[in-house]
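Quick look at start07.txt (compact mmCIF, C-alpha atoms and all ligand atoms):
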# COMPACT_ATOMS: atom_id res chain seq x y z
CA MET A 1 10.89 35.78 -6.70
CA THR A 2 9.55 34.28 -9.92
CA TYR A 3 5.98 34.51 -11.08
CA ILE A 4 6.10 30.97 -12.40
CA ASN A 5 4.58 28.11 -10.35
CA THR A 6 7.76 26.51 -9.02
CA HIS A 7 5.74 23.80 -7.29
CA TYR A 8 6.03 21.95 -10.60
CA ALA A 9 9.73 21.47 -9.76
CA GLU A 10 8.65 19.57 -6.63
CA LEU A 11 6.90 16.89 -8.68
CA GLU A 12 8.58 13.52 -8.54
CA GLN A 13 9.40 12.03 -11.92
CA SER A 14 7.09 9.14 -12.72
CA TYR A 15 9.19 6.28 -14.04
CA LEU A 16 6.54 3.59 -13.71
CA PHE A 17 4.96 3.35 -17.15
CA ARG A 18 8.06 4.62 -18.94
CA THR A 19 10.19 1.87 -17.37
CA ILE A 20 7.54 -0.74 -18.18
CA ASP A 21 7.59 0.41 -21.82
CA GLN A 22 11.39 0.42 -21.94
CA LYS A 23 11.75 -3.05 -20.43
CA THR A 24 8.99 -4.46 -22.62
CA GLY A 25 10.46 -2.83 -25.74
CA ALA A 26 13.94 -4.18 -24.97
CA TYR A 27 12.53 -7.68 -24.43
CA LEU A 28 10.63 -7.60 -27.71
CA ALA A 29 13.66 -6.29 -29.59
CA ALA A 30 15.69 -9.24 -28.30
CA ASN A 31 12.83 -11.74 -28.74
CA PRO A 32 10.86 -10.56 -31.80
CA ASP A 33 8.80 -13.77 -32.00
CA ALA A 34 7.61 -13.67 -28.38
CA ARG A 35 3.83 -13.57 -27.85
CA LEU A 36 3.58 -10.91 -25.17
CA LEU A 37 0.36 -10.80 -23.12
CA ARG A 38 -0.61 -7.68 -21.23
CA LEU A 39 -2.25 -7.74 -17.80
CA GLY A 40 -1.23 -4.14 -17.25
CA ILE A 41 -3.75 -2.43 -19.53
CA GLY A 42 -5.55 0.31 -17.59
CA ASP A 43 -7.78 1.18 -20.52
CA VAL A 44 -11.00 -0.44 -21.68
CA THR A 45 -10.85 -2.45 -24.90
CA LEU A 46 -14.51 -3.03 -25.80
CA PRO A 47 -16.23 -0.44 -28.04
CA LEU A 48 -19.10 1.90 -27.20
CA VAL A 49 -22.46 0.15 -26.81
CA PRO A 50 -25.15 0.48 -29.54
CA ALA A 51 -27.38 2.84 -27.50
CA VAL A 52 -24.49 5.29 -27.16
CA VAL A 53 -23.51 5.07 -30.82
CA ALA A 54 -27.13 5.70 -31.86
CA ALA A 55 -27.33 8.73 -29.53
CA LEU A 56 -24.11 10.15 -30.98
CA HIS A 57 -25.38 9.77 -34.56
CA SER A 58 -28.69 11.36 -33.69
CA ALA A 59 -26.98 14.26 -31.85
CA VAL A 60 -24.83 14.90 -34.93
CA ASP A 61 -28.04 15.08 -36.98
CA ASP A 62 -29.47 17.57 -34.45
CA GLN A 63 -26.44 19.79 -34.97
CA ALA A 64 -26.85 19.53 -38.75
CA SER A 65 -30.29 21.08 -38.83
CA LYS A 66 -31.29 24.70 -38.25
CA GLU A 67 -34.31 23.67 -36.14
CA THR A 68 -32.39 21.48 -33.69
CA PHE A 69 -28.93 23.07 -33.74
CA ARG A 70 -27.51 24.03 -30.32
CA GLY A 71 -24.73 26.50 -29.64
CA TYR A 72 -23.12 27.10 -26.24
CA VAL A 73 -24.23 24.54 -23.68
CA PRO A 74 -25.13 25.12 -20.01
CA GLU A 75 -21.69 24.90 -18.33
CA VAL A 76 -22.99 22.78 -15.45
CA GLY A 77 -24.79 20.31 -17.73
CA TYR A 78 -28.01 19.92 -19.70
CA GLY A 79 -31.15 19.01 -17.75
CA PHE A 80 -31.47 15.74 -19.68
CA PHE A 81 -27.95 14.70 -18.63
CA ARG A 82 -28.38 15.70 -14.99
CA GLN A 83 -31.72 13.88 -14.84
CA ALA A 84 -30.11 10.72 -16.22
CA VAL A 85 -27.46 10.86 -13.47
CA ALA A 86 -30.10 11.54 -10.80
CA ALA A 87 -32.08 8.51 -11.97
CA ARG A 88 -29.00 6.32 -11.60
CA TYR A 89 -28.45 7.49 -8.01
CA ALA A 90 -32.16 7.15 -7.19
CA LYS A 91 -31.93 3.44 -8.01
CA ARG A 92 -29.58 2.96 -5.07
CA GLY A 93 -31.62 5.13 -2.74
CA VAL A 94 -29.67 8.39 -3.12
CA ALA A 95 -31.85 11.42 -3.85
CA LEU A 96 -30.02 14.16 -5.74
CA GLU A 97 -31.33 17.48 -6.95
CA GLU A 98 -30.43 18.47 -10.49
CA GLY A 99 -28.41 21.39 -9.15
CA GLU A 100 -26.11 19.03 -7.26
CA ILE A 101 -25.01 17.28 -10.46
CA PHE A 102 -22.31 18.76 -12.72
CA VAL A 103 -21.31 17.31 -16.06
CA SER A 104 -17.56 16.88 -16.60
CA SER A 105 -15.10 15.75 -19.24
CA GLY A 106 -14.17 12.84 -16.99
CA ALA A 107 -12.92 12.21 -13.47
CA SER A 108 -9.33 13.34 -14.12
CA ASP A 109 -10.42 16.82 -15.15
CA ASP A 110 -12.53 17.41 -12.06
CA LEU A 111 -10.07 15.78 -9.65
CA GLY A 112 -7.65 18.47 -10.77
CA ASP A 113 -10.09 21.35 -11.16
CA LEU A 114 -11.72 20.85 -7.73
CA LEU A 115 -8.47 21.94 -6.09
CA ALA A 116 -9.35 25.50 -7.10
CA LEU A 117 -11.83 25.42 -4.21
CA PHE A 118 -9.02 25.24 -1.65
CA ASN A 119 -6.31 27.65 -0.59
CA PRO A 120 -2.66 26.77 -1.37
CA GLY A 121 -1.17 25.00 1.64
CA THR A 122 -4.26 22.82 2.15
CA ARG A 123 -3.34 19.51 3.78
CA ALA A 124 -4.50 16.74 1.43
CA LEU A 125 -4.53 13.16 2.67
CA VAL A 126 -3.73 10.48 0.12
CA ILE A 127 -4.13 6.83 1.07
CA GLU A 128 -1.39 4.81 -0.59
CA PRO A 129 -0.97 2.80 -2.80
CA ALA A 130 -2.75 5.48 -4.80
CA TYR A 131 -3.77 6.66 -8.24
CA PRO A 132 -0.77 8.97 -8.94
CA ALA A 133 -2.81 12.02 -10.03
CA TYR A 134 -3.99 12.77 -6.46
CA VAL A 135 -0.48 13.55 -5.24
CA ASP A 136 0.68 15.37 -8.36
CA ALA A 137 -2.38 17.64 -8.63
CA ASN A 138 -1.91 18.72 -5.01
CA VAL A 139 1.81 19.34 -5.43
CA MET A 140 1.05 21.56 -8.46
CA SER A 141 -1.41 23.53 -6.32
CA GLY A 142 1.15 24.12 -3.59
CA ASN A 143 -0.69 21.89 -1.13
CA THR A 144 0.84 19.69 1.56
CA VAL A 145 0.36 16.01 0.83
CA VAL A 146 -0.17 13.80 3.89
CA HIS A 147 0.56 10.16 3.01
CA LEU A 148 -1.35 7.37 4.76
CA PRO A 149 0.04 3.93 3.97
CA SER A 150 -2.34 0.97 3.83
CA GLY A 151 -1.67 -2.76 3.80
CA GLU A 152 -2.99 -6.29 4.16
CA ALA A 153 -3.86 -5.76 7.83
CA ASP A 154 -6.49 -3.12 7.00
CA GLY A 155 -7.46 -4.73 3.68
CA PHE A 156 -5.90 -1.74 1.86
CA ALA A 157 -8.87 0.31 3.13
CA PRO A 158 -7.68 2.03 6.33
CA LEU A 159 -9.75 3.94 8.87
CA PRO A 160 -8.81 7.49 9.95
CA PRO A 161 -5.90 7.25 12.39
CA ALA A 162 -6.55 8.83 15.83
CA ASP A 163 -4.04 11.67 15.33
CA LEU A 164 -4.94 12.46 11.72
CA GLU A 165 -4.90 16.12 10.68
CA ALA A 166 -6.02 16.79 7.11
CA ASP A 167 -8.30 19.26 5.35
CA VAL A 168 -9.10 17.20 2.27
CA VAL A 169 -9.18 13.40 2.09
CA TYR A 170 -9.17 11.27 -1.06
CA LEU A 171 -11.12 8.03 -0.81
CA CYS A 172 -11.16 5.79 -3.89
CA SER A 173 -13.49 2.81 -3.75
CA PRO A 174 -13.34 0.48 -5.65
CA ASN A 175 -9.68 1.31 -5.60
CA ASN A 176 -7.11 1.72 -8.30
CA PRO A 177 -4.59 0.06 -7.95
CA THR A 178 -5.60 -2.37 -5.16
CA GLY A 179 -9.17 -3.23 -6.16
CA ALA A 180 -10.04 -2.93 -2.44
CA VAL A 181 -13.43 -1.51 -1.44
CA TYR A 182 -14.72 0.39 1.56
CA SER A 183 -17.51 -1.26 3.52
CA ARG A 184 -20.49 0.79 4.71
CA GLU A 185 -19.11 0.78 8.28
CA LYS A 186 -15.64 1.97 7.28
CA LEU A 187 -17.04 4.74 5.05
CA ALA A 188 -19.33 5.80 7.90
CA ALA A 189 -16.23 6.16 10.13
CA TRP A 190 -14.61 8.48 7.55
CA VAL A 191 -17.80 10.52 7.24
CA GLU A 192 -18.00 10.90 11.01
CA TRP A 193 -14.33 11.91 11.17
CA ALA A 194 -14.73 14.48 8.37
CA ARG A 195 -17.83 15.99 9.99
CA GLU A 196 -16.10 16.28 13.36
CA ASN A 197 -12.99 17.86 11.88
CA GLY A 198 -14.59 20.08 9.25
CA SER A 199 -12.62 18.20 6.59
CA LEU A 200 -13.84 17.49 3.08
CA ILE A 201 -13.83 14.06 1.44
CA ILE A 202 -13.25 13.74 -2.31
CA PHE A 203 -14.80 10.39 -3.11
CA ASP A 204 -13.50 8.91 -6.36
CA ALA A 205 -16.21 6.56 -7.65
CA ALA A 206 -14.68 5.97 -11.10
CA TYR A 207 -15.12 2.19 -10.66
CA GLU A 208 -18.55 2.12 -8.97
CA ALA A 209 -20.06 0.14 -11.84
CA PHE A 210 -17.83 -2.82 -10.94
CA VAL A 211 -19.35 -3.21 -7.46
CA SER A 212 -21.27 -6.45 -7.31
CA SER A 213 -21.51 -7.03 -3.53
CA ASP A 214 -24.73 -5.63 -2.05
CA ASP A 215 -23.01 -4.49 1.15
CA VAL A 216 -20.45 -2.31 -0.68
CA PRO A 217 -21.55 1.32 -1.27
CA ARG A 218 -21.23 2.65 -4.82
CA SER A 219 -21.58 6.22 -3.68
CA ILE A 220 -20.47 7.95 -0.50
CA PHE A 221 -23.93 9.53 -0.40
CA GLU A 222 -25.33 6.14 0.61
CA ILE A 223 -23.80 7.01 4.02
CA PRO A 224 -26.00 9.23 6.20
CA GLY A 225 -24.41 12.64 6.78
CA ALA A 226 -22.10 12.48 3.76
CA LYS A 227 -23.86 15.36 2.02
CA THR A 228 -22.40 17.73 4.61
CA CYS A 229 -18.78 16.61 4.13
CA ALA A 230 -18.16 15.09 0.70
CA VAL A 231 -18.08 15.61 -3.03
CA GLU A 232 -18.10 12.67 -5.43
CA VAL A 233 -16.25 12.41 -8.71
CA CYS A 234 -17.47 9.87 -11.21
CA SER A 235 -16.90 8.98 -14.82
CA LEU A 236 -18.32 7.01 -17.70
CA SER A 237 -14.79 5.98 -18.73
CA LYS A 238 -14.81 2.51 -17.24
CA THR A 239 -18.59 2.20 -16.78
CA ALA A 240 -19.40 2.74 -20.44
CA GLY A 241 -16.08 2.61 -22.30
CA PHE A 242 -15.76 6.42 -22.50
CA THR A 243 -11.99 6.65 -21.91
CA GLY A 244 -11.54 8.13 -25.38
CA THR A 245 -15.00 9.69 -25.66
CA ARG A 246 -14.80 11.71 -22.39
CA CYS A 247 -17.81 12.39 -20.23
CA GLY A 248 -18.35 12.17 -16.48
CA TYR A 249 -20.08 13.89 -13.60
CA THR A 250 -19.33 15.36 -10.21
CA ILE A 251 -21.74 15.63 -7.30
CA VAL A 252 -21.47 18.67 -5.04
CA PRO A 253 -24.30 18.62 -2.47
CA ASN A 254 -26.30 21.74 -1.68
CA GLU A 255 -25.80 21.12 2.04
CA LEU A 256 -22.01 21.21 1.86
CA GLU A 257 -20.62 24.36 3.48
CA ARG A 258 -17.10 25.25 4.53
CA GLY A 259 -15.81 28.58 5.84
CA GLY A 260 -19.39 29.89 5.80
CA MET A 261 -19.56 29.37 2.04
CA SER A 262 -21.70 27.05 -0.06
CA VAL A 263 -19.31 24.71 -1.86
CA ASN A 264 -22.02 24.05 -4.44
CA ALA A 265 -22.34 27.77 -5.21
CA MET A 266 -18.54 28.02 -5.43
CA TRP A 267 -18.45 25.14 -7.92
CA VAL A 268 -21.21 26.72 -10.04
CA ARG A 269 -19.16 29.93 -10.09
CA ASN A 270 -16.01 27.99 -10.95
CA ARG A 271 -17.66 26.07 -13.81
CA THR A 272 -19.42 29.07 -15.30
CA THR A 273 -16.13 30.98 -15.26
CA LYS A 274 -13.58 28.37 -16.26
CA THR A 275 -15.36 26.09 -18.73
CA ASN A 276 -17.91 26.28 -21.48
CA GLY A 277 -19.16 22.84 -20.59
CA VAL A 278 -19.13 19.47 -22.29
CA SER A 279 -20.40 19.20 -25.85
CA TYR A 280 -24.06 18.51 -26.60
CA LEU A 281 -23.02 15.38 -28.48
CA LEU A 282 -21.18 13.91 -25.51
CA GLN A 283 -23.93 14.74 -23.04
CA ARG A 284 -26.42 12.95 -25.32
CA ALA A 285 -24.00 10.00 -25.47
CA GLY A 286 -23.57 10.05 -21.68
CA ALA A 287 -27.31 10.20 -21.04
CA ALA A 288 -27.78 7.26 -23.43
CA ALA A 289 -25.17 5.25 -21.53
CA LEU A 290 -27.01 5.97 -18.28
CA SER A 291 -30.43 5.00 -19.71
CA GLU A 292 -31.97 1.58 -18.90
CA GLU A 293 -31.14 0.30 -22.35
CA GLY A 294 -27.61 1.74 -22.33
CA MET A 295 -26.76 0.40 -18.87
CA ALA A 296 -28.05 -3.07 -19.80
CA GLN A 297 -25.67 -3.04 -22.79
CA CYS A 298 -22.79 -1.67 -20.68
CA ARG A 299 -23.34 -4.43 -18.14
CA GLU A 300 -22.68 -6.98 -20.92
CA ASN A 301 -19.26 -5.40 -21.49
CA LEU A 302 -18.55 -5.22 -17.76
CA ALA A 303 -19.42 -8.93 -17.53
CA VAL A 304 -16.59 -9.68 -19.96
CA TYR A 305 -14.09 -7.85 -17.71
CA LYS A 306 -15.56 -9.55 -14.65
CA GLY A 307 -15.13 -12.90 -16.38
CA ASN A 308 -11.46 -12.04 -16.88
CA ALA A 309 -11.16 -11.17 -13.17
CA LYS A 310 -12.59 -14.57 -12.25
CA VAL A 311 -10.06 -16.37 -14.44
CA ILE A 312 -7.13 -14.52 -12.85
CA MET A 313 -8.47 -15.00 -9.32
CA GLU A 314 -8.90 -18.74 -9.93
CA ALA A 315 -5.28 -18.96 -11.11
CA LEU A 316 -4.04 -17.18 -7.97
CA ASP A 317 -6.30 -19.28 -5.73
CA ALA A 318 -4.93 -22.43 -7.34
CA CYS A 319 -1.36 -21.54 -6.37
CA GLY A 320 -2.22 -20.00 -2.98
CA VAL A 321 -1.03 -16.46 -3.70
CA TRP A 322 -2.55 -13.69 -1.53
CA TYR A 323 -4.50 -11.02 -3.41
CA CYS A 324 -7.31 -8.55 -2.99
CA GLY A 325 -9.64 -6.88 -5.50
CA GLY A 326 -11.16 -8.50 -8.55
CA VAL A 327 -14.61 -9.08 -7.03
CA ASN A 328 -15.78 -5.44 -7.09
CA ALA A 329 -13.06 -3.93 -9.27
CA PRO A 330 -11.27 -4.43 -12.57
CA TYR A 331 -7.95 -4.63 -10.67
CA ILE A 332 -6.33 -7.50 -8.79
CA TRP A 333 -3.55 -6.69 -6.34
CA MET A 334 -1.36 -9.71 -5.63
CA ARG A 335 1.52 -10.28 -3.27
CA CYS A 336 4.66 -11.13 -5.23
CA PRO A 337 5.49 -14.79 -4.71
CA GLY A 338 8.82 -16.00 -3.32
CA GLY A 339 9.39 -12.71 -1.46
CA LEU A 340 10.32 -10.88 -4.69
CA THR A 341 10.17 -7.11 -4.97
CA SER A 342 7.64 -5.63 -7.36
CA TRP A 343 10.22 -5.04 -10.11
CA GLU A 344 11.92 -8.41 -9.60
CA PHE A 345 8.55 -10.09 -10.16
CA PHE A 346 7.90 -7.87 -13.19
CA ASP A 347 11.19 -9.05 -14.73
CA GLU A 348 10.52 -12.74 -13.98
CA LEU A 349 7.01 -12.56 -15.40
CA LEU A 350 8.22 -10.79 -18.54
CA GLU A 351 11.27 -12.93 -19.17
CA GLN A 352 9.96 -16.34 -18.17
CA GLU A 353 6.32 -16.08 -19.22
CA GLN A 354 6.08 -13.05 -21.54
CA VAL A 355 3.34 -11.46 -19.44
CA VAL A 356 3.34 -7.73 -18.55
CA GLY A 357 1.79 -6.33 -15.38
CA THR A 358 2.35 -3.27 -13.19
CA PRO A 359 4.78 -3.19 -10.24
CA GLY A 360 2.98 -2.13 -7.05
CA SER A 361 5.90 -0.01 -5.85
CA GLY A 362 4.99 2.49 -8.59
CA PHE A 363 1.88 3.49 -6.60
CA GLY A 364 3.67 4.45 -3.37
CA ALA A 365 6.34 2.95 -1.11
CA CYS A 366 3.88 0.63 0.66
CA GLY A 367 3.10 -1.00 -2.70
CA GLU A 368 6.55 -2.65 -2.66
CA GLY A 369 6.25 -6.44 -2.86
CA TYR A 370 2.88 -6.24 -4.65
CA PHE A 371 1.81 -6.33 -8.27
CA ARG A 372 -1.27 -5.01 -10.11
CA LEU A 373 -3.11 -7.07 -12.70
CA THR A 374 -5.91 -5.64 -14.82
CA THR A 375 -8.89 -7.31 -16.41
CA PHE A 376 -9.44 -5.15 -19.50
CA GLY A 377 -7.80 -7.52 -22.00
CA SER A 378 -9.51 -10.04 -24.26
CA PRO A 379 -10.84 -13.22 -22.58
CA GLU A 380 -8.58 -15.39 -24.78
CA ASP A 381 -5.41 -13.50 -23.86
CA THR A 382 -6.44 -13.29 -20.21
CA ARG A 383 -6.93 -17.07 -20.00
CA GLU A 384 -3.51 -17.69 -21.52
CA ALA A 385 -1.88 -15.03 -19.32
CA ALA A 386 -3.50 -16.44 -16.16
CA MET A 387 -2.20 -19.90 -17.00
CA ARG A 388 1.33 -18.52 -17.47
CA LEU A 389 1.05 -16.46 -14.26
CA GLN A 390 0.00 -19.51 -12.28
CA ARG A 391 2.89 -21.54 -13.72
CA LEU A 392 5.44 -18.93 -12.65
CA CYS A 393 3.93 -18.45 -9.18
CA GLU A 394 4.03 -22.20 -8.57
CA LYS A 395 7.69 -22.27 -9.61
CA LEU A 396 8.67 -19.28 -7.45
CA GLN A 397 6.89 -20.55 -4.36
CA VAL A 398 8.68 -23.91 -4.20
N1 LIG B 1 -9.78 7.95 -10.87
C1 LIG B 1 -9.19 6.75 -10.90
C2 LIG B 1 -9.02 6.02 -9.62
C3 LIG B 1 -8.74 6.20 -12.10
O1 LIG B 1 -8.14 5.01 -12.10
C4 LIG B 1 -8.92 6.94 -13.29
C5 LIG B 1 -8.45 6.43 -14.58
O2 LIG B 1 -7.82 5.43 -14.73
C6 LIG B 1 -9.53 8.19 -13.21
C7 LIG B 1 -9.95 8.66 -11.99
C8 LIG B 1 -9.69 9.05 -14.42
O3 LIG B 1 -10.76 8.68 -15.15
P1 LIG B 1 -11.28 9.54 -16.40
O4 LIG B 1 -11.01 8.72 -17.61
O5 LIG B 1 -12.73 9.72 -16.15
O6 LIG B 1 -10.56 10.83 -16.44

If you convert what's in this file into structure tokens, what do you get?
Amino acid sequence: MTYINTHYAELEQSYLFRTIDQKTGAYLAANPDARLLRLGIGDVTLPLVPAVVAALHSAVDDQASKETFRGYVPEVGYGFFRQAVAARYAKRGVALEEGEIFVSSGASDDLGDLLALFNPGTRALVIEPAYPAYVDANVMSGNTVVHLPSGEADGFAPLPPADLEADVVYLCSPNNPTGAVYSREKLAAWVEWARENGSLIIFDAAYEAFVSSDDVPRSIFEIPGAKTCAVEVCSLSKTAGFTGTRCGYTIVPNELERGGMSVNAMWVRNRTTKTNGVSYLLQRAGAAALSEEGMAQCRENLAVYKGNAKVIMEALDACGVWYCGGVNAPYIWMRCPGGLTSWEFFDELLEQEQVVGTPGSGFGACGEGYFRLTTFGSPEDTREAAMRLQRLCEKLQV
């Protein structure tokens, strides 16, 4: 018996982005003059907004002066940061107490760290196609992953199946990679299921800022009863261009209890033991992003990405290709034309039109035959890429 965590040996190798890089590199080596356009970028490209930059500068000045210098930070988050998050939720009718809000270094960190609340062997439900970290983090923890495939019939946002047995459920809306969103009614069905079964929902709201339809919840806590069965993980990465700056927040309601224990109290204990928090500078930057002024500036950046989504959706509409996403998400999930597999379409798009996207089969078996396009590129490149995409789809569909 070894002391080392051999669950790491159970992880499947991820070939998705490595293969994309290899194929793209080989193409460029053979065609050095090609103008490659990327609709596969999963990272923001616009810089931090002025309100955030000003807050960062001013926080640096605070740290440079004896009177305003701050040492160790409160592990769970400064009051000013938690209040800024609470104000954002209040705008959509969700009342949060400061103690329910925890600062984080981003959604990825907390999606992994939260698993420390559960015993090894926990059954974790992952709806596929899925953000790959859900499965891998659970495998590393020695949990049992229950896969629930989704598809066009359920709009890539399935309801709990009648015979479902799971302790923890990941819901990601707006979704990466499909761009699909959960309606109020569908989320309410998951909340009811979780309450009846004593399960716990981890709601990944990393893309909530992209929601533009009034009937689509941005937070699971807009659903009555969710505070007794869910935690929410959120991030400023895509909302405010913080992918390289790193700041987010996690909501753990006071009412949430499992096994006779307060999950909020457990998370406080976890944070105060396992982290020393997020830097003063970043919490100032995060609070500035969440301020009225900061959010107004962030919305200008989001409008650029949304403009890109519109251009791609118009191209797909023009050639009659099925897709979802784009309206409330920075991702568009299209069916590969001409019955091609995900990788076959990748190759055609690269070789015939010099456009790079992401094969859907890389996000789970039920993603085969689909393809993910992202909207984080420049408007100029996106327009050109959409034109090339449309041209190829029209050719393949004949
Ligand atoms: N959740 C989803 C669904 C994502 O797509 C991503 C990043 O792409 C994350 C979480 C991680 O975000 P962060 O940058 O806050 O760690």

Listed atoms of ligand LIG 1 (chain B) boxed axis-aligned with 5 Å per side, centre + edges as AutoDock Vina command-line options:
--center_x -10.3 --center_y 7.9 --center_z -13.6 --size_x 14.9 --size_y 15.8 --size_z 18.0

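Atom CA of Gly248 of chain A to atom CA of Gly362 of chain A spans 26.5 Å [interatomic distance, one decimal].
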
Task: All residues having an atom within 9 Å of ligand LIG 1 (chain B) (only C-alpha atoms and all ligand atoms) as number ranges by chain - done: A: 42-43, 104-111, 130-134, 172-177, 204-207, 233-238, 242-244, 246-249

Open item on the list: Using only C-alpha atoms for the distances, tell me which of A:Pro129, A:Pro224, A:Pro337, A:Gly241 is nearest to Gly364 of chain A.
Closed with: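 Counting only C-alpha atoms, the residue closest to Gly364 of chain A is A:Pro129.
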
TODO: For each of A:Leu164, A:Ile332, A:Leu46, A:Val52, take the minimum atom-to-atom distance to Gly377 of chain A, counting only C-alpha atoms, then give the residue where this is smallest.
DONE: A:Leu46

Task: Residue nearest Met334 of chain A among A:Val139, A:Met266, A:Ala84, A:Ala180 (counting only C-alpha atoms) - done: A:Ala180

Task: Who sits within 10 Å of Met140 of chain A, all atoms listed in the file, same chain under 4 positions skipped, as a VMD selection string - done: chain A and resid 5 to 11 112 115 120 135 to 136

TODO: Quote the spacing between atom CA of Gly225 of chain A and atom CA of Val191 of chain A in Å to one decimal place.
DONE: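 Separation between atom CA of Gly225 of chain A and atom CA of Val191 of chain A: 7.0 Å.
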
- [ ] Give the answer as one residue: which of A:Leu302, A:Ala309, A:Met295, A:Ala55 has the shortest atom-to-atom distance to Thr375 of chain A, using all atoms listed in the file?
- [x]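 With all atoms listed in the file as the atom set, the closest residue is A:Ala309.
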
Considering all atoms listed in the file, give me a table of residues in segment 291-330 of chain A that are at most 12 Å from segment 146-162 of chain A, with the closest atom pair and distance in Å for each, as a Markdown table.
| residue | atom | partner | partner_atom | distance |
| --- | --- | --- | --- | --- |
| A:Trp322 | CA | A:Glu152 | CA | 9.3 |
| A:Tyr323 | CA | A:Glu152 | CA | 9.1 |
| A:Cys324 | CA | A:Gly155 | CA | 7.7 |
| A:Gly325 | CA | A:Gly155 | CA | 9.7 |

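All polymer residues at most 9 Å from (-7.6, -4.4, -20.4), using all atoms listed in the file, appear as Arg38, Leu39, Gly40, Ile41, Gly42, Asp43, Val44, Thr45, Leu46, Tyr305, Pro330, Thr374, Thr375, Phe376, Gly377, Ser378 and Thr382 of chain A.
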
Please dump the current selection as a compact mmCIF listing (two decimals), in the coordinates of the input; keep C-alpha atoms.
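Output file out.txt follows:
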# COMPACT_ATOMS: atom_id res chain seq x y z
CA ARG A 38 -0.61 -7.68 -21.23
CA LEU A 39 -2.25 -7.74 -17.80
CA GLY A 40 -1.23 -4.14 -17.25
CA ILE A 41 -3.75 -2.43 -19.53
CA GLY A 42 -5.55 0.31 -17.59
CA ASP A 43 -7.78 1.18 -20.52
CA VAL A 44 -11.00 -0.44 -21.68
CA THR A 45 -10.85 -2.45 -24.90
CA LEU A 46 -14.51 -3.03 -25.80
CA TYR A 305 -14.09 -7.85 -17.71
CA PRO A 330 -11.27 -4.43 -12.57
CA THR A 374 -5.91 -5.64 -14.82
CA THR A 375 -8.89 -7.31 -16.41
CA PHE A 376 -9.44 -5.15 -19.50
CA GLY A 377 -7.80 -7.52 -22.00
CA SER A 378 -9.51 -10.04 -24.26
CA THR A 382 -6.44 -13.29 -20.21

Open item on the list: Please report the interatomic distance between atom CA of Asn119 of chain A and atom CA of Asn264 of chain A in Å with one decimal.
Closed with: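 Distance between the two atoms: 16.6 Å.
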
- [ ] Just the residues within 10 Å of Ala285 of chain A, please, counting all atoms listed in the file, with nothing from its chain fewer than 2 positions along; format it as a PyMOL selection string.
- [x] chain A and resi 48+51-59+81+240+242+245-247+279-283+287-291+294

Generate a file of the selected residues that holds C-alpha atoms, formatted as an mmCIF file, keeping the file's coordinate frame.
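In the end it all went to again26.cif:
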data_model
loop_
_atom_site.group_PDB
_atom_site.id
_atom_site.type_symbol
_atom_site.label_atom_id
_atom_site.label_comp_id
_atom_site.auth_asym_id
_atom_site.auth_seq_id
_atom_site.Cartn_x
_atom_site.Cartn_y
_atom_site.Cartn_z
ATOM 1 C CA LEU A 48 -19.100 1.900 -27.200
ATOM 2 C CA ALA A 51 -27.380 2.840 -27.500
ATOM 3 C CA VAL A 52 -24.490 5.290 -27.160
ATOM 4 C CA VAL A 53 -23.510 5.070 -30.820
ATOM 5 C CA ALA A 54 -27.130 5.700 -31.860
ATOM 6 C CA ALA A 55 -27.330 8.730 -29.530
ATOM 7 C CA LEU A 56 -24.110 10.150 -30.980
ATOM 8 C CA HIS A 57 -25.380 9.770 -34.560
ATOM 9 C CA SER A 58 -28.690 11.360 -33.690
ATOM 10 C CA ALA A 59 -26.980 14.260 -31.850
ATOM 11 C CA PHE A 81 -27.950 14.700 -18.630
ATOM 12 C CA ALA A 240 -19.400 2.740 -20.440
ATOM 13 C CA PHE A 242 -15.760 6.420 -22.500
ATOM 14 C CA THR A 245 -15.000 9.690 -25.660
ATOM 15 C CA ARG A 246 -14.800 11.710 -22.390
ATOM 16 C CA CYS A 247 -17.810 12.390 -20.230
ATOM 17 C CA SER A 279 -20.400 19.200 -25.850
ATOM 18 C CA TYR A 280 -24.060 18.510 -26.600
ATOM 19 C CA LEU A 281 -23.020 15.380 -28.480
ATOM 20 C CA LEU A 282 -21.180 13.910 -25.510
ATOM 21 C CA GLN A 283 -23.930 14.740 -23.040
ATOM 22 C CA ALA A 287 -27.310 10.200 -21.040
ATOM 23 C CA ALA A 288 -27.780 7.260 -23.430
ATOM 24 C CA ALA A 289 -25.170 5.250 -21.530
ATOM 25 C CA LEU A 290 -27.010 5.970 -18.280
ATOM 26 C CA SER A 291 -30.430 5.000 -19.710
ATOM 27 C CA GLY A 294 -27.610 1.740 -22.330
#

Can you complete the atoms of segment 340-344 of chain A to N, CA and C atoms and list them as a CSV table (one decimal), keeping the file's coordinate frame?
chain,number,residue,atom,x,y,z
A,340,LEU,N,9.7,-11.8,-3.7
A,340,LEU,CA,10.3,-10.9,-4.7
A,340,LEU,C,9.8,-9.5,-4.5
A,341,THR,N,10.6,-8.5,-4.9
A,341,THR,CA,10.2,-7.1,-5.0
A,341,THR,C,9.3,-7.0,-6.2
A,342,SER,N,8.6,-5.9,-6.2
A,342,SER,CA,7.6,-5.6,-7.4
A,342,SER,C,8.4,-5.7,-8.7
A,343,TRP,N,9.5,-5.0,-8.8
A,343,TRP,CA,10.2,-5.0,-10.1
A,343,TRP,C,10.9,-6.4,-10.4
A,344,GLU,N,11.3,-7.1,-9.4
A,344,GLU,CA,11.9,-8.4,-9.6
A,344,GLU,C,10.8,-9.3,-10.2
